Amino acid sequence: MRRADRLFQIIQIFRRSRRPITADALALELETSKRTVYRDIADLMGQRVPIRGEAGIGYVLDGGYDLPPLMLTPDEIEAAVLGAQWVASRGDPALARAAKDLIAKIGAAVPERLRPYVLEPASGTPPAWNAVADAIDMARVRAHIHAGRKIRLAYRDETGQATERTIWPITIGYRDTTRMLVAWCELRVDFRSFRTDRVAGAEFLEDRYPERPAVLRAKWRRTIEAQRQAWVARGAAKA
């Protein structure tokens with residue numbers, strides 16, 4: 001790896017982490033020595049890149065520092081295009097349009113030598129077969145998630161039983177043919193997942209729920225992890 005590419009990659013590693021990163025971790029990812037990492041970090045700090053930390057503890061990049069957003073490597077371009085292709089074929093109409101626009105913008109913004117990675121990528125996603133249409137306005141759902149507002153649902157489960165719930169939406173899960181709306185359910189006093197094609201009606205409320213969406217998502221992830229560990233433990237006990 002060229003030194004300029006390595007310096008750029010160090011900043012990228014810092015940008016994607018909120019916790020201090022040790023020289024050992026940097027050296028492992030960059031496939032270089034700790035001595036080289038220390039020298040590179042010193043060079044970056046000398047160029048006034050706001051890196052804080054010290055050897056043995058770890059380093060962080062101060063907030064507010066950024067690089068031009070389209071200094072992309074070929075692998076990053078292919079990853080972005082592959083993800084956008086998937087969203088274009090499986091997302092709701094607003095997200096699908098945004099994904100196609102994103103591919104076009106990347107193709108227009110990257111240098112000419114990198115344009116084939118956008119226009120003629122080596123990887124691709126298959127078309128979505130038997131996709132089920134959403135029965136709720138997904139753009140409004142996403143807006144309510146960002147705003148932390150409640151939704152009142154009329155919902156039918158897999159048996160056709162109808163219920164009405166007031167939910168606190170926190171995230172949308174995408175499967176090949178269906179979407180799942182994950183939320184805190186006031187009726188069940190717990191997290192629940194709702195297939196968007198089974199929604200019989202929705203009222204988008206102005207009421208905010210009492211916790212931030214990010215906090216609820218973190219709680220939901222901990223719940224899922226606890227369930228996974230319990231499942232693994234049961235399997236080990238049976239074995």
# chains A, B, ... in the order shown; residues from 1 in each chain; ligands from 1
$ residues_around --residues "region 161-178 of chain A" --least-positions-apart "4" --cutoff "8 Å" --atoms "only C-alpha atoms" --output "ChimeraX atom specification"
/A:90-91,128-134,141-142,144-145,148-157,182-187,195-197,209,213-214,216-217
$ select_by_dssp --residues "region 102-180 of chain A" --states "helix (DSSP H, G or I)" --output "list in words"
Leu102, Ile103, Ala104, Lys105, Ile106, Gly107, Ala108, Ala109, Glu112, Arg113, Leu114, Pro116, Tyr117, Val118, Leu119, Met138, Ala139, Arg140, Val141, Arg142, Ala143, His144, Ile145, His146 and Ala147 of chain A
$ atom_distance --atom1 "CA of Ile77 (chain A)" --atom2 "CA of Arg113 (chain A)"
12.1 Å
$ residues_around --residues "Arg6 (chain A)" --least-positions-apart "3" --cutoff "12 Å" --atoms "only C-alpha atoms" --output "list of chain:residue names"
A:Met1, A:Arg2, A:Arg3, A:Gln9, A:Ile10, A:Ile11, A:Gln12, A:Ile13, A:Leu26, A:Ala27, A:Glu29, A:Leu30, A:Glu31, A:Thr32, A:Thr36, A:Val37, A:Arg39, A:Asp40, A:Ile41, A:Asp43, A:Leu44, A:Thr73
$ residues_around --residues "region 53-61 of chain A" --least-positions-apart "3" --cutoff "6 Å" --atoms "only C-alpha atoms" --output "CSV table (one decimal) with N, CA and C atoms, in the first residue's frame"
chain,number,residue,atom,x,y,z
A,14,PHE,N,-10.4,5.7,11.6
A,14,PHE,CA,-10.8,6.6,12.7
A,14,PHE,C,-12.3,7.1,12.6
A,20,PRO,N,-11.5,4.8,21.0
A,20,PRO,CA,-10.0,4.9,20.7
A,20,PRO,C,-9.6,3.6,20.1
A,21,ILE,N,-8.7,3.7,19.1
A,21,ILE,CA,-8.2,2.6,18.3
A,21,ILE,C,-6.7,2.5,18.6
A,22,THR,N,-6.2,1.3,19.0
A,22,THR,CA,-4.8,1.1,19.4
A,22,THR,C,-4.0,1.0,18.1
A,50,PRO,N,-6.7,16.5,13.5
A,50,PRO,CA,-6.9,16.5,14.9
A,50,PRO,C,-7.1,15.1,15.5
$ closest_residue --among "A:Ala237, A:Ile51, A:Leu72, A:Ala139" --to "Ala98 (chain A)" --atoms "only C-alpha atoms"
A:Ala139
$ select_by_dssp --residues "region 35-191 of chain A" --states "strand (DSSP E or B)" --output "number ranges by chain"
A: 51-54, 58-61, 149-156, 162-174, 179-185, 190-191
$ atom_distance --atom1 "CA of Tyr117 (chain A)" --atom2 "CA of Ala80 (chain A)"
10.2 Å
$ closest_residue --among "A:Ala4, A:Ala96, A:Leu181, A:Ala226" --to "Ala135 (chain A)" --atoms "only C-alpha atoms"
A:Leu181
$ closest_residue --among "A:Arg140, A:Arg18, A:Arg52, A:Lys105" --to "Glu203 (chain A)" --atoms "only C-alpha atoms"
A:Arg140
$ atom_distance --atom1 "CA of Pro126 (chain A)" --atom2 "CA of Val110 (chain A)"
25.3 Å
$ closest_residue --among "A:Lys34, A:Glu120, A:His146, A:Arg228" --to "Arg212 (chain A)" --atoms "only C-alpha atoms"
A:His146
